[in-house]
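Trainee: This structure is in structure tokens; I'll ask about it shortly.
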Amino acid sequence: GEIAAFECAKLIKNDFEKSRFLDLEDAKKWLYETILKANKKINSLAKKNSELEKMGTTVVCFLVTSRFKLFASVGDSRIYQLRDGKKVFRTFDHSMVFEMVKKKVISEEQARLSAQSNVILKALGINPDIEVETVEHPYRKGDRFILCTDGFWGAMPEEDFIRHLSEKNPINKILESTVNVVESIGRNSGGE
């Protein structure tokens with residue numbers, strides 16, 4: 001997973017540095033196609049090296065211009081948009097348990113605590129074809145955006161997670177404090 005995530009991030013960063021968006025549709029197309037390209041690269045690397053077979057990664061991207069903002073996601077990493085200490089928007093997980101949440105079979109908290117919470121339905125590198133979810137969403141000056149893996153958001157109930165990330169401190173202090181809490185929870189529960 002580490003190699004897949006690195007290759008994905010590198011490809012997206014390099015493609016972004018070479019790109020120019022004329023409008024929202026150009027940006028959506030670029031974001032979608034770049035993530036597809038990352039998926040193909042990860043698949044190709046896995047085919048060339050048997051030690052990398054079945055490697056995969058989740059991805060979240062956040063593209064902001066003066067005219068629009070786009071989110072893209074594959075897997076169970078998330079983007080949160082917070083405003084005045086409240087969740088305004090969050091991407092949806094592509095996981096087995098989140099499908100159960102959508103059908104109202106279990107709650108989000110039950111999904112977070114489920115032994116099957118790590119069973120994801122979409123990831124880069126697993127299949128040659130991948131469906132990328134892209135969303136345009138409005139924002140205001142002062143909104144806070146958090147891009148994070150399940151190891152970060154899944155450590156505590158969402159309400160507590162949002163409360164930690166909404167503190168009235170400089171962002172570096174907030175992130176440091178939240179990371180310390182997540183690491184403490186992991187150490188105390190035998191988790192990662």
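Scheme for the structure tokens: letters A, B, ... for chains in order shown; per-chain residue numbers from 1; ligand numbers from 1 in order shown.
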Write down as number ranges by chain the residues belonging to segment 31-164 of chain A that are assigned strand (DSSP E) by DSSP computed on the backbone.

Mentor: A: 59-64, 69-74, 78-83, 86-90, 133-136, 144-148

Trainee: How would you write, as a VMD selection string, the set of residues in chain A that DSSP gives as helix (DSSP H, G or I)?

Mentor: chain A and resid 2 to 18 24 to 48 50 to 52 96 to 102 108 to 113 150 to 153 158 to 165 171 to 189

Trainee: How many Å separate atom CA of Ala123 of chain A from atom CA of Gly56 of chain A?

Mentor: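 Taking atom CA of Ala123 of chain A and atom CA of Gly56 of chain A, their separation equals 6.0 Å.
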
Trainee: Go through A:Arg187, A:Lys37, A:Lys173, A:Arg144 and flag the residue nearest Phe89 of chain A, using only C-alpha atoms for the distances.

Mentor: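 Ranking A:Arg187, A:Lys37, A:Lys173, A:Arg144 by distance to Phe89 of chain A, first place goes to A:Arg144.
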
Trainee: Select, from A:Phe98, A:Arg90, A:Arg140, A:Ser184, the residue with the minimum atom-to-atom distance to Glu158 of chain A, counting only C-alpha atoms.

Mentor: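 Smallest distance to Glu158 of chain A is found for A:Arg90.
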